[in-house]
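Undergrad: Before I ask anything, let me first share the structure, which is written out below as C-alpha coordinates.
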Amino acid sequence: MSDPLLLIEPHGHASRLFMRLEAYRLRSESEIRSALKRHGRRALWIAPSSAAVHLLLGTFPRRRTGDQRLLSLERASDNRLGLLHALFRFVVSVDGGVQLLPMDELTEVLSSANRADLFIGAAVVPTDAAVILYRGNLEPLVVPLTWFRERPDGPIPDPHDLAITDFGQTIRLGAYEAAADALLYEFDEDYRRRAKKRQVETDRSLGGALRRLRLQKGLRQGDFPGVTAKEIARIERGEVKKPHQHTLTAIAKRMGVSADDILTY
Amino acid sequence: MPFGLTLPEPWANRGWKAKIRDRERLEPPHVTILYKTSAWRFALRTGTFLDKEPSPTEVPAEVVGAVRANLTLLRQEWDRMYSENRISTERKAKRKGKSNE
(Lines give C-alpha, C1' and ligand atoms only; values in the text may rest on other atoms or scores of the structure.)
Protein backbone atom coordinates (compact mmCIF):
# COMPACT_ATOMS: atom_id res chain seq x y z
CA MET A 1 0.00 0.00 0.00
CA SER A 2 1.25 3.51 -0.82
CA ASP A 3 2.09 5.99 1.91
CA PRO A 4 -0.60 8.61 2.60
CA LEU A 5 -0.12 11.92 0.78
CA LEU A 6 -0.31 14.98 3.02
CA LEU A 7 -0.58 18.25 1.10
CA ILE A 8 0.16 21.45 3.02
CA GLU A 9 -2.05 24.27 1.80
CA PRO A 10 -1.91 27.25 4.17
CA HIS A 11 -4.99 29.49 4.02
CA GLY A 12 -4.69 31.70 0.96
CA HIS A 13 -2.00 29.47 -0.61
CA ALA A 14 -4.10 26.64 -2.07
CA SER A 15 -2.51 25.44 -5.28
CA ARG A 16 -4.58 24.76 -8.38
CA LEU A 17 -1.82 22.49 -9.58
CA PHE A 18 -2.80 19.80 -7.11
CA MET A 19 -6.57 20.08 -7.45
CA ARG A 20 -6.80 16.56 -8.86
CA LEU A 21 -4.41 15.00 -6.37
CA GLU A 22 -5.98 12.58 -3.92
CA ALA A 23 -4.35 13.80 -0.73
CA TYR A 24 -5.21 14.93 2.77
CA ARG A 25 -5.23 18.73 2.64
CA LEU A 26 -3.78 20.36 5.73
CA ARG A 27 -4.38 24.08 6.19
CA SER A 28 -3.41 24.82 9.77
CA GLU A 29 -1.00 23.81 12.51
CA SER A 30 -3.73 21.84 14.30
CA GLU A 31 -4.51 19.86 11.13
CA ILE A 32 -0.80 19.08 10.70
CA ARG A 33 -0.57 17.92 14.32
CA SER A 34 -3.58 15.62 13.85
CA ALA A 35 -2.06 14.25 10.65
CA LEU A 36 1.20 13.57 12.48
CA LYS A 37 -0.68 11.60 15.12
CA ARG A 38 -2.54 9.59 12.46
CA HIS A 39 0.40 9.03 10.11
CA GLY A 40 3.36 9.32 12.47
CA ARG A 41 4.95 6.11 11.24
CA ARG A 42 5.21 6.95 7.58
CA ALA A 43 3.85 9.62 5.24
CA LEU A 44 4.71 11.62 2.17
CA TRP A 45 4.34 15.37 2.73
CA ILE A 46 4.00 17.84 -0.15
CA ALA A 47 4.84 21.50 0.37
CA PRO A 48 4.05 23.42 -2.84
CA SER A 49 5.24 26.79 -1.52
CA SER A 50 7.62 28.43 0.88
CA ALA A 51 4.62 29.34 3.07
CA ALA A 52 3.70 25.66 3.22
CA VAL A 53 7.22 24.69 4.34
CA HIS A 54 7.10 27.47 6.94
CA LEU A 55 3.78 26.20 8.33
CA LEU A 56 5.06 22.62 8.38
CA LEU A 57 8.30 23.50 10.15
CA GLY A 58 6.40 25.53 12.73
CA THR A 59 4.53 22.39 13.75
CA PHE A 60 6.89 19.55 13.04
CA PRO A 61 8.69 17.89 15.99
CA ARG A 62 12.34 18.96 16.32
CA ARG A 63 13.60 15.41 16.00
CA ARG A 64 13.11 12.83 13.29
CA THR A 65 10.04 10.66 13.91
CA GLY A 66 9.07 7.64 11.87
CA ASP A 67 9.66 7.57 8.15
CA GLN A 68 8.56 11.01 6.99
CA ARG A 69 9.29 12.16 3.44
CA LEU A 70 8.97 15.64 1.96
CA LEU A 71 8.51 16.99 -1.54
CA SER A 72 9.22 20.73 -1.54
CA LEU A 73 8.35 22.59 -4.71
CA GLU A 74 9.84 26.01 -4.03
CA ARG A 75 13.48 26.90 -3.61
CA ALA A 76 14.75 27.10 -0.03
CA SER A 77 17.83 28.60 1.61
CA ASP A 78 20.71 26.24 2.42
CA ASN A 79 19.92 26.55 6.13
CA ARG A 80 16.30 25.62 5.65
CA LEU A 81 17.30 22.72 3.40
CA GLY A 82 19.67 21.49 6.11
CA LEU A 83 16.82 21.60 8.60
CA LEU A 84 14.50 19.70 6.28
CA HIS A 85 17.12 16.99 5.74
CA ALA A 86 17.56 16.71 9.50
CA LEU A 87 13.85 16.20 10.13
CA PHE A 88 12.78 14.11 7.15
CA ARG A 89 14.16 10.78 6.01
CA PHE A 90 13.98 11.76 2.35
CA VAL A 91 13.66 15.28 0.94
CA VAL A 92 13.18 16.05 -2.73
CA SER A 93 13.25 19.73 -3.56
CA VAL A 94 13.77 21.82 -6.64
CA ASP A 95 17.10 22.97 -5.23
CA GLY A 96 20.43 21.55 -6.33
CA GLY A 97 19.55 21.32 -10.00
CA VAL A 98 16.79 18.76 -9.53
CA GLN A 99 14.61 18.58 -12.64
CA LEU A 100 11.09 17.56 -11.68
CA LEU A 101 8.37 16.16 -13.93
CA PRO A 102 5.91 18.70 -15.36
CA MET A 103 3.23 19.38 -12.71
CA ASP A 104 0.38 17.53 -14.46
CA GLU A 105 2.54 14.42 -14.79
CA LEU A 106 3.86 14.79 -11.24
CA THR A 107 0.29 14.76 -9.93
CA GLU A 108 -0.50 11.59 -11.90
CA VAL A 109 2.62 9.83 -10.64
CA LEU A 110 2.02 10.77 -7.00
CA SER A 111 -1.56 9.50 -7.31
CA SER A 112 -0.44 6.24 -8.88
CA ALA A 113 -0.37 2.98 -6.93
CA ASN A 114 2.98 2.11 -8.53
CA ARG A 115 4.61 5.49 -7.85
CA ALA A 116 7.69 3.85 -6.32
CA ASP A 117 8.46 2.41 -9.76
CA LEU A 118 8.23 5.77 -11.50
CA PHE A 119 10.63 8.67 -11.33
CA ILE A 120 9.58 12.21 -10.44
CA GLY A 121 12.88 14.02 -10.72
CA ALA A 122 16.58 13.81 -11.47
CA ALA A 123 19.80 15.71 -11.00
CA VAL A 124 23.26 15.26 -12.47
CA VAL A 125 26.35 15.34 -10.29
CA PRO A 126 28.96 16.07 -12.99
CA THR A 127 31.94 15.96 -10.63
CA ASP A 128 31.12 12.39 -9.69
CA ALA A 129 29.74 11.34 -13.08
CA ALA A 130 26.49 10.26 -11.48
CA VAL A 131 22.77 10.86 -11.84
CA ILE A 132 20.48 10.95 -8.83
CA LEU A 133 16.99 9.78 -9.75
CA TYR A 134 14.10 10.36 -7.37
CA ARG A 135 11.31 7.81 -7.28
CA GLY A 136 7.64 8.61 -6.70
CA ASN A 137 8.05 7.55 -3.07
CA LEU A 138 10.92 10.10 -2.90
CA GLU A 139 13.65 7.49 -2.48
CA PRO A 140 16.81 8.37 -4.39
CA LEU A 141 18.60 6.00 -6.73
CA VAL A 142 22.15 6.85 -7.76
CA VAL A 143 23.21 5.65 -11.19
CA PRO A 144 26.61 6.14 -12.85
CA LEU A 145 26.45 8.27 -15.98
CA THR A 146 28.19 5.45 -17.82
CA TRP A 147 25.04 3.34 -17.45
CA PHE A 148 23.47 5.54 -20.14
CA ARG A 149 25.41 3.68 -22.79
CA GLU A 150 25.74 5.19 -26.24
CA ARG A 151 24.62 3.00 -29.15
CA PRO A 152 26.59 2.87 -32.40
CA ASP A 153 25.02 5.57 -34.62
CA GLY A 154 22.75 6.55 -31.73
CA PRO A 155 22.49 9.90 -29.94
CA ILE A 156 25.09 10.84 -27.34
CA PRO A 157 23.52 11.06 -23.87
CA ASP A 158 23.65 14.74 -22.88
CA PRO A 159 23.71 15.13 -19.09
CA HIS A 160 23.28 18.91 -19.45
CA ASP A 161 19.81 18.35 -20.86
CA LEU A 162 18.33 15.92 -18.34
CA ALA A 163 14.60 15.39 -17.90
CA ILE A 164 12.13 12.79 -16.73
CA THR A 165 9.34 12.21 -19.25
CA ASP A 166 6.49 9.81 -20.06
CA PHE A 167 4.98 10.14 -16.57
CA GLY A 168 8.17 9.00 -14.89
CA GLN A 169 8.83 6.09 -17.25
CA THR A 170 11.64 7.57 -19.33
CA ILE A 171 14.89 9.34 -18.48
CA ARG A 172 15.88 11.72 -21.25
CA LEU A 173 19.41 13.07 -21.73
CA GLY A 174 19.22 15.31 -24.79
CA ALA A 175 17.93 13.21 -27.68
CA TYR A 176 18.78 10.00 -25.82
CA GLU A 177 16.08 8.11 -23.91
CA ALA A 178 16.43 5.33 -21.35
CA ALA A 179 13.60 3.19 -20.01
CA ALA A 180 13.00 3.51 -16.25
CA ASP A 181 12.10 -0.19 -16.37
CA ALA A 182 15.57 -1.15 -17.64
CA LEU A 183 17.26 0.95 -14.99
CA LEU A 184 15.17 -0.36 -12.09
CA TYR A 185 15.56 -3.94 -13.35
CA GLU A 186 19.31 -3.59 -13.10
CA PHE A 187 19.65 -1.61 -9.86
CA ASP A 188 16.71 -2.66 -7.70
CA GLU A 189 16.51 -6.33 -6.73
CA ASP A 190 12.97 -6.00 -5.37
CA TYR A 191 11.78 -4.44 -8.64
CA ARG A 192 13.53 -7.21 -10.58
CA ARG A 193 11.76 -9.89 -8.54
CA ARG A 194 8.37 -8.25 -9.07
CA ALA A 195 9.04 -7.72 -12.78
CA LYS A 196 9.90 -11.39 -13.22
CA LYS A 197 6.67 -12.41 -11.49
CA ARG A 198 4.69 -10.23 -13.89
CA GLN A 199 6.16 -11.95 -16.94
CA VAL A 200 3.88 -14.32 -18.83
CA GLU A 201 6.68 -16.80 -19.18
CA THR A 202 10.40 -16.57 -18.95
CA ASP A 203 13.40 -18.76 -19.41
CA ARG A 204 14.27 -19.32 -15.74
CA SER A 205 17.45 -21.26 -16.47
CA LEU A 206 20.91 -20.06 -15.50
CA GLY A 207 21.70 -19.70 -19.20
CA GLY A 208 18.69 -17.45 -19.79
CA ALA A 209 19.57 -15.27 -16.80
CA LEU A 210 23.21 -15.07 -17.86
CA ARG A 211 22.26 -14.00 -21.37
CA ARG A 212 19.86 -11.30 -20.08
CA LEU A 213 22.44 -9.93 -17.65
CA ARG A 214 25.30 -10.05 -20.17
CA LEU A 215 23.29 -8.13 -22.76
CA GLN A 216 22.13 -5.68 -20.11
CA LYS A 217 25.77 -4.98 -19.24
CA GLY A 218 26.70 -4.55 -22.89
CA LEU A 219 29.18 -7.43 -22.89
CA ARG A 220 30.02 -9.91 -25.64
CA GLN A 221 30.53 -13.61 -25.05
CA GLY A 222 34.26 -13.05 -25.53
CA ASP A 223 34.48 -10.38 -22.82
CA PHE A 224 35.06 -12.73 -19.88
CA PRO A 225 38.71 -13.14 -18.86
CA GLY A 226 39.45 -16.74 -17.95
CA VAL A 227 36.26 -18.06 -19.58
CA THR A 228 36.12 -18.72 -23.29
CA ALA A 229 33.35 -17.37 -25.51
CA LYS A 230 32.52 -21.00 -26.33
CA GLU A 231 31.95 -21.80 -22.65
CA ILE A 232 29.72 -18.76 -22.21
CA ALA A 233 27.72 -19.74 -25.29
CA ARG A 234 27.29 -23.31 -24.00
CA ILE A 235 26.05 -22.08 -20.62
CA GLU A 236 23.64 -19.67 -22.31
CA ARG A 237 22.28 -22.43 -24.55
CA GLY A 238 21.70 -24.64 -21.50
CA GLU A 239 24.28 -27.21 -22.58
CA VAL A 240 26.14 -26.66 -19.32
CA LYS A 241 23.59 -26.65 -16.50
CA LYS A 242 26.00 -26.37 -13.57
CA PRO A 243 29.24 -24.56 -14.43
CA HIS A 244 32.25 -24.91 -12.13
CA GLN A 245 32.18 -22.51 -9.20
CA HIS A 246 35.36 -20.75 -10.39
CA THR A 247 33.77 -20.22 -13.81
CA LEU A 248 30.64 -18.76 -12.23
CA THR A 249 32.73 -16.54 -9.97
CA ALA A 250 34.76 -15.23 -12.93
CA ILE A 251 31.56 -14.51 -14.88
CA ALA A 252 29.92 -12.79 -11.91
CA LYS A 253 33.02 -10.72 -11.17
CA ARG A 254 33.16 -9.43 -14.74
CA MET A 255 29.52 -8.35 -14.52
CA GLY A 256 29.85 -6.74 -11.10
CA VAL A 257 27.38 -9.00 -9.31
CA SER A 258 27.70 -11.95 -6.94
CA ALA A 259 27.50 -15.48 -8.37
CA ASP A 260 24.24 -16.05 -6.47
CA ASP A 261 22.71 -12.94 -8.00
CA ILE A 262 23.03 -14.09 -11.63
CA LEU A 263 19.85 -16.18 -11.38
CA THR A 264 17.83 -13.15 -10.21
CA TYR A 265 18.17 -11.54 -13.66
CA MET B 1 17.10 8.79 -30.74
CA PRO B 2 14.28 6.50 -29.64
CA PHE B 3 12.03 5.00 -32.28
CA GLY B 4 8.40 6.05 -31.90
CA LEU B 5 5.69 4.26 -33.85
CA THR B 6 2.95 6.54 -35.14
CA LEU B 7 -0.28 5.36 -33.55
CA PRO B 8 -3.75 5.96 -34.99
CA GLU B 9 -6.07 8.69 -33.72
CA PRO B 10 -7.67 9.28 -31.32
CA TRP B 11 -5.22 7.17 -29.31
CA ALA B 12 -2.07 9.12 -30.13
CA ASN B 13 -3.81 12.36 -29.20
CA ARG B 14 -4.94 10.82 -25.91
CA GLY B 15 -1.32 10.14 -24.99
CA TRP B 16 -0.78 6.53 -26.10
CA LYS B 17 2.76 5.88 -27.37
CA ALA B 18 4.75 2.92 -28.66
CA LYS B 19 8.51 3.26 -28.37
CA ILE B 20 11.85 1.54 -28.54
CA ARG B 21 14.18 3.66 -26.42
CA ASP B 22 17.97 3.92 -26.55
CA ARG B 23 18.35 1.89 -23.37
CA GLU B 24 15.89 -0.94 -22.83
CA ARG B 25 16.01 -4.35 -21.21
CA LEU B 26 17.61 -6.13 -24.14
CA GLU B 27 16.18 -9.60 -23.73
CA PRO B 28 13.57 -10.33 -24.98
CA PRO B 29 13.41 -7.73 -27.77
CA HIS B 30 10.27 -5.64 -27.38
CA VAL B 31 8.44 -2.41 -28.05
CA THR B 32 6.94 -0.60 -25.06
CA ILE B 33 3.39 0.72 -25.23
CA LEU B 34 3.06 3.65 -22.85
CA TYR B 35 0.02 5.40 -21.47
CA LYS B 36 0.40 7.79 -18.56
CA THR B 37 1.88 5.81 -15.64
CA SER B 38 1.39 2.38 -17.26
CA ALA B 39 3.58 0.44 -19.66
CA TRP B 40 3.14 -2.79 -21.58
CA ARG B 41 6.06 -4.67 -23.16
CA PHE B 42 5.14 -6.30 -26.46
CA ALA B 43 7.49 -9.04 -27.69
CA LEU B 44 8.86 -8.51 -31.18
CA ARG B 45 9.75 -12.17 -31.69
CA THR B 46 6.33 -13.60 -30.87
CA GLY B 47 3.97 -10.64 -31.32
CA THR B 48 2.49 -11.14 -27.85
CA PHE B 49 2.47 -9.24 -24.57
CA LEU B 50 5.35 -10.13 -22.29
CA ASP B 51 3.74 -9.30 -18.95
CA LYS B 52 0.48 -10.24 -17.24
CA GLU B 53 0.35 -6.92 -15.40
CA PRO B 54 -0.82 -4.38 -16.21
CA SER B 55 -3.49 -6.37 -18.04
CA PRO B 56 -2.99 -6.37 -21.83
CA THR B 57 -6.79 -6.00 -22.14
CA GLU B 58 -6.36 -2.37 -21.02
CA VAL B 59 -4.62 -1.56 -24.30
CA PRO B 60 -7.10 -0.44 -26.99
CA ALA B 61 -7.47 -2.98 -29.82
CA GLU B 62 -6.56 -0.28 -32.37
CA VAL B 63 -3.24 0.35 -30.61
CA VAL B 64 -2.42 -3.38 -30.50
CA GLY B 65 -3.50 -3.62 -34.14
CA ALA B 66 -1.16 -0.80 -35.13
CA VAL B 67 1.76 -2.47 -33.35
CA ARG B 68 1.01 -5.87 -34.93
CA ALA B 69 0.60 -4.28 -38.38
CA ASN B 70 4.06 -2.73 -38.03
CA LEU B 71 5.94 -5.70 -36.58
CA THR B 72 8.31 -5.92 -39.55
CA LEU B 73 9.23 -2.25 -39.21
CA LEU B 74 9.61 -2.57 -35.41
CA ARG B 75 11.85 -5.62 -35.83
CA GLN B 76 14.01 -3.72 -38.31
CA GLU B 77 14.27 -0.80 -35.91
CA TRP B 78 15.18 -3.09 -33.02
CA ASP B 79 17.90 -4.75 -35.10
CA ARG B 80 19.23 -1.35 -36.17
CA MET B 81 19.32 -0.08 -32.58
CA TYR B 82 20.44 -3.28 -30.86
CA SER B 83 22.71 -5.09 -33.26
CA GLU B 84 24.16 -7.09 -30.33
CA ASN B 85 20.80 -8.81 -29.85
CA ARG B 86 19.26 -8.89 -33.29
CA ILE B 87 15.99 -10.64 -34.06
CA SER B 88 16.44 -11.21 -37.78
CA THR B 89 19.46 -13.53 -37.79
CA GLU B 90 17.76 -15.68 -35.21
CA ARG B 91 14.54 -15.80 -37.24
CA LYS B 92 16.46 -16.70 -40.40
CA ALA B 93 18.32 -19.41 -38.51
CA LYS B 94 15.04 -20.84 -37.19
CA ARG B 95 13.51 -20.85 -40.68
CA LYS B 96 16.63 -22.48 -42.06
CA GLY B 97 16.53 -25.09 -39.28
CA LYS B 98 12.90 -25.89 -40.12
CA SER B 99 13.61 -26.28 -43.84
CA ASN B 100 16.43 -28.70 -43.03
CA GLU B 101 14.17 -30.87 -40.89
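Identifiers in this document derive from the order of the C-alpha coordinates: chains are assigned A, B, ..., residues are numbered from 1 separately in each chain, and ligands are numbered from 1 in order of occurrence.
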If you run DSSP over the backbone, which residues in segment 4-114 of chain A end up strand (DSSP E)? Put them as a PDB file with N, CA and C atoms, in the first residue's frame.
TA:
ATOM      1  N   LEU A   5      -0.636  10.643   1.280  1.00  0.00           N
ATOM      2  CA  LEU A   5      -0.123  11.924   0.785  1.00  0.00           C
ATOM      3  C   LEU A   5      -0.720  13.035   1.627  1.00  0.00           C
ATOM      4  N   LEU A   6       0.134  13.883   2.170  1.00  0.00           N
ATOM      5  CA  LEU A   6      -0.313  14.985   3.018  1.00  0.00           C
ATOM      6  C   LEU A   6       0.110  16.294   2.347  1.00  0.00           C
ATOM      7  N   LEU A   7      -0.856  17.021   1.839  1.00  0.00           N
ATOM      8  CA  LEU A   7      -0.581  18.255   1.099  1.00  0.00           C
ATOM      9  C   LEU A   7      -0.788  19.463   2.011  1.00  0.00           C
ATOM     10  N   ILE A   8       0.260  20.259   2.153  1.00  0.00           N
ATOM     11  CA  ILE A   8       0.164  21.445   3.022  1.00  0.00           C
ATOM     12  C   ILE A   8      -0.333  22.620   2.176  1.00  0.00           C
ATOM     13  N   TYR A  24      -4.634  14.219   1.625  1.00  0.00           N
ATOM     14  CA  TYR A  24      -5.211  14.932   2.767  1.00  0.00           C
ATOM     15  C   TYR A  24      -4.717  16.371   2.669  1.00  0.00           C
ATOM     16  N   ARG A  25      -5.632  17.322   2.737  1.00  0.00           N
ATOM     17  CA  ARG A  25      -5.234  18.735   2.642  1.00  0.00           C
ATOM     18  C   ARG A  25      -5.170  19.342   4.037  1.00  0.00           C
ATOM     19  N   LEU A  26      -3.998  19.839   4.379  1.00  0.00           N
ATOM     20  CA  LEU A  26      -3.778  20.357   5.726  1.00  0.00           C
ATOM     21  C   LEU A  26      -3.565  21.863   5.647  1.00  0.00           C
ATOM     22  N   ARG A  42       4.691   6.755   8.935  1.00  0.00           N
ATOM     23  CA  ARG A  42       5.213   6.947   7.584  1.00  0.00           C
ATOM     24  C   ARG A  42       4.227   7.765   6.751  1.00  0.00           C
ATOM     25  N   ALA A  43       4.718   8.796   6.099  1.00  0.00           N
ATOM     26  CA  ALA A  43       3.850   9.619   5.244  1.00  0.00           C
ATOM     27  C   ALA A  43       4.698  10.388   4.241  1.00  0.00           C
ATOM     28  N   LEU A  44       4.030  10.808   3.183  1.00  0.00           N
ATOM     29  CA  LEU A  44       4.706  11.624   2.168  1.00  0.00           C
ATOM     30  C   LEU A  44       4.050  13.013   2.175  1.00  0.00           C
ATOM     31  N   TRP A  45       4.824  14.000   2.601  1.00  0.00           N
ATOM     32  CA  TRP A  45       4.335  15.367   2.726  1.00  0.00           C
ATOM     33  C   TRP A  45       4.671  16.136   1.446  1.00  0.00           C
ATOM     34  N   ILE A  46       3.744  17.002   1.039  1.00  0.00           N
ATOM     35  CA  ILE A  46       4.001  17.840  -0.146  1.00  0.00           C
ATOM     36  C   ILE A  46       3.836  19.301   0.264  1.00  0.00           C
ATOM     37  N   ALA A  47       4.887  20.069   0.058  1.00  0.00           N
ATOM     38  CA  ALA A  47       4.843  21.501   0.367  1.00  0.00           C
ATOM     39  C   ALA A  47       5.024  22.266  -0.942  1.00  0.00           C
ATOM     40  N   ASP A  67       9.096   7.467   9.491  1.00  0.00           N
ATOM     41  CA  ASP A  67       9.662   7.571   8.149  1.00  0.00           C
ATOM     42  C   ASP A  67       8.873   8.640   7.396  1.00  0.00           C
ATOM     43  N   GLN A  68       9.265   9.889   7.618  1.00  0.00           N
ATOM     44  CA  GLN A  68       8.565  11.015   6.989  1.00  0.00           C
ATOM     45  C   GLN A  68       9.366  11.484   5.779  1.00  0.00           C
ATOM     46  N   ARG A  69       8.643  11.757   4.697  1.00  0.00           N
ATOM     47  CA  ARG A  69       9.292  12.159   3.444  1.00  0.00           C
ATOM     48  C   ARG A  69       8.672  13.466   2.969  1.00  0.00           C
ATOM     49  N   LEU A  70       9.480  14.318   2.356  1.00  0.00           N
ATOM     50  CA  LEU A  70       8.967  15.635   1.964  1.00  0.00           C
ATOM     51  C   LEU A  70       9.323  15.985   0.522  1.00  0.00           C
ATOM     52  N   LEU A  71       8.310  16.426  -0.207  1.00  0.00           N
ATOM     53  CA  LEU A  71       8.513  16.989  -1.540  1.00  0.00           C
ATOM     54  C   LEU A  71       8.265  18.489  -1.441  1.00  0.00           C
ATOM     55  N   SER A  72       9.316  19.274  -1.676  1.00  0.00           N
ATOM     56  CA  SER A  72       9.223  20.728  -1.539  1.00  0.00           C
ATOM     57  C   SER A  72       9.376  21.353  -2.926  1.00  0.00           C
ATOM     58  N   PHE A  90      13.645  11.423   3.736  1.00  0.00           N
ATOM     59  CA  PHE A  90      13.979  11.765   2.349  1.00  0.00           C
ATOM     60  C   PHE A  90      13.376  13.123   2.026  1.00  0.00           C
ATOM     61  N   VAL A  91      14.163  13.973   1.383  1.00  0.00           N
ATOM     62  CA  VAL A  91      13.665  15.277   0.940  1.00  0.00           C
ATOM     63  C   VAL A  91      13.976  15.408  -0.547  1.00  0.00           C
ATOM     64  N   VAL A  92      12.952  15.712  -1.322  1.00  0.00           N
ATOM     65  CA  VAL A  92      13.183  16.049  -2.731  1.00  0.00           C
ATOM     66  C   VAL A  92      12.732  17.492  -2.893  1.00  0.00           C
ATOM     67  N   SER A  93      13.629  18.329  -3.360  1.00  0.00           N
ATOM     68  CA  SER A  93      13.255  19.730  -3.561  1.00  0.00           C
ATOM     69  C   SER A  93      13.825  20.197  -4.882  1.00  0.00           C
ATOM     70  N   GLN A  99      15.623  18.351 -11.597  1.00  0.00           N
ATOM     71  CA  GLN A  99      14.615  18.576 -12.640  1.00  0.00           C
ATOM     72  C   GLN A  99      13.417  17.702 -12.314  1.00  0.00           C
ATOM     73  N   LEU A 100      12.288  18.332 -12.012  1.00  0.00           N
ATOM     74  CA  LEU A 100      11.085  17.558 -11.683  1.00  0.00           C
ATOM     75  C   LEU A 100      10.228  17.363 -12.934  1.00  0.00           C
TER      76      LEU A 100
END
Undergrad: Residues near segment 112-122 of chain A, anyone? I mean within 6 Å using only C-alpha atoms, not counting same-chain ones fewer than 6 positions away, as a list in words.
TA: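 So, after excluding close chain neighbours, the residues are Val98, Gln99, Leu100, Leu101, Ile132, Leu133, Tyr134, Arg135, Gly136, Asn137, Gly168 and Gln169 of chain A.
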Undergrad: Could those selected residues go to a file with N, CA and C atoms, as an mmCIF file, in the first residue's frame?
TA:
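To be explicit, this is the file written out as selection_32.cif:
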data_model
loop_
_atom_site.group_PDB
_atom_site.id
_atom_site.type_symbol
_atom_site.label_atom_id
_atom_site.label_comp_id
_atom_site.auth_asym_id
_atom_site.auth_seq_id
_atom_site.Cartn_x
_atom_site.Cartn_y
_atom_site.Cartn_z
ATOM 1 N N VAL A 98 17.724 19.872 -9.322
ATOM 2 C CA VAL A 98 16.793 18.759 -9.530
ATOM 3 C C VAL A 98 15.735 19.161 -10.563
ATOM 4 N N GLN A 99 15.623 18.351 -11.597
ATOM 5 C CA GLN A 99 14.615 18.576 -12.640
ATOM 6 C C GLN A 99 13.417 17.702 -12.314
ATOM 7 N N LEU A 100 12.288 18.332 -12.012
ATOM 8 C CA LEU A 100 11.085 17.558 -11.683
ATOM 9 C C LEU A 100 10.228 17.363 -12.934
ATOM 10 N N LEU A 101 9.361 16.377 -12.866
ATOM 11 C CA LEU A 101 8.367 16.164 -13.933
ATOM 12 C C LEU A 101 7.494 17.408 -14.073
ATOM 13 N N ILE A 132 21.363 11.336 -9.928
ATOM 14 C CA ILE A 132 20.476 10.955 -8.830
ATOM 15 C C ILE A 132 19.057 10.990 -9.374
ATOM 16 N N LEU A 133 18.385 9.855 -9.282
ATOM 17 C CA LEU A 133 16.993 9.784 -9.748
ATOM 18 C C LEU A 133 16.105 9.653 -8.520
ATOM 19 N N TYR A 134 15.013 10.406 -8.502
ATOM 20 C CA TYR A 134 14.100 10.358 -7.368
ATOM 21 C C TYR A 134 12.828 9.628 -7.770
ATOM 22 N N ARG A 135 12.495 8.607 -6.985
ATOM 23 C CA ARG A 135 11.314 7.808 -7.278
ATOM 24 C C ARG A 135 10.074 8.497 -6.727
ATOM 25 N N GLY A 136 8.897 7.999 -7.135
ATOM 26 C CA GLY A 136 7.642 8.606 -6.699
ATOM 27 C C GLY A 136 7.410 8.504 -5.202
ATOM 28 N N ASN A 137 8.141 7.598 -4.530
ATOM 29 C CA ASN A 137 8.049 7.548 -3.066
ATOM 30 C C ASN A 137 9.169 8.376 -2.425
ATOM 31 N N GLY A 168 7.194 9.663 -15.752
ATOM 32 C CA GLY A 168 8.173 9.002 -14.888
ATOM 33 C C GLY A 168 8.724 7.710 -15.440
ATOM 34 N N GLN A 169 8.407 7.380 -16.704
ATOM 35 C CA GLN A 169 8.826 6.089 -17.251
ATOM 36 C C GLN A 169 10.049 6.177 -18.161
#
Undergrad: Please determine the contact residues of chain A with respect to chain B at a cut-off of 6 Å, counting only C-alpha atoms, and supply them as a PyMOL selection string.
TA: chain A and resi 155+167+175-179+182+198-200+212
Undergrad: Step one, run DSSP on the backbone; step two, keep only residues of segment 13-260 of chain A assigned to helix (DSSP H, G or I); then write them as a VMD selection string.
TA: chain A and resid 16 to 18 29 to 38 50 to 59 78 to 87 103 to 111 115 to 117 126 to 128 145 to 147 180 to 187 189 to 198 206 to 216 229 to 236 245 to 255 259 to 260
Undergrad: How many Å separate atom CA of Arg20 of chain A from atom CA of Val59 of chain B?
TA: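 If I compute the distance from atom CA of Arg20 of chain A to atom CA of Val59 of chain B, I get 23.9 Å.
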Undergrad: Pull the closest atom pair for each residue of segment 191-212 of chain A that gets at most 10 Å from segment 220-239 of chain A, along with the distance in Å to one decimal, counting only C-alpha atoms, ordering rows by chain and then ascending residue number, as a tab-separated table.
TA:
residue	atom	partner	partner_atom	distance
A:Ser205	CA	A:Gly238	CA	7.4
A:Leu206	CA	A:Glu236	CA	7.3
A:Gly207	CA	A:Glu236	CA	3.7
A:Gly208	CA	A:Glu236	CA	6.0
A:Ala209	CA	A:Glu236	CA	8.1
A:Leu210	CA	A:Glu236	CA	6.4
A:Arg211	CA	A:Glu236	CA	5.9
A:Arg212	CA	A:Glu236	CA	9.5
Undergrad: To one decimal in Å, tell me the separation between atom CA of Asp79 of chain B and atom CA of Pro152 of chain A.
TA: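 Atom CA of Pro152 of chain A lies at a distance of 11.9 Å from atom CA of Asp79 of chain B.
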Undergrad: One decimal, in Å: what's the spacing between atom CA of Pro159 of chain A and atom CA of Gly174 of chain A?
TA: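 The value is 7.3 Å.
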Undergrad: Here is a test: counting only C-alpha atoms, which residue of A:Leu183, A:Ile156, A:Leu215, A:Ile171 is nearest to Pro29 of chain B?
TA: A:Leu215
Undergrad: Which residues come within 6 Å of Arg27 of chain A, counting only C-alpha atoms, excluding same-chain residues fewer than 4 positions away, as a list in words?
TA: Glu9, Pro10 and His11 of chain A
Undergrad: Of the candidates A:Ala163, A:Leu173, A:Leu57, A:Val94, which shows the shortest atom-to-atom distance to Arg75 of chain A, using only C-alpha atoms?
TA: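 For Arg75 of chain A, the nearest of the given residues is A:Val94.
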Undergrad: Identify which of the residues A:Glu189, A:Arg172, A:Arg149, A:Thr202 lies closest to Lys217 of chain A, counting only C-alpha atoms when measuring atom-to-atom distances.
TA: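 Smallest distance to Lys217 of chain A is found for A:Arg149.
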Undergrad: Could you name the residues that touch Trp16 of chain B at 9 Å or less, counting only C-alpha atoms, but leaving out those on the same chain fewer than 2 positions away, as number ranges by chain?
TA: B: 7, 11-14, 18, 33-36, 63
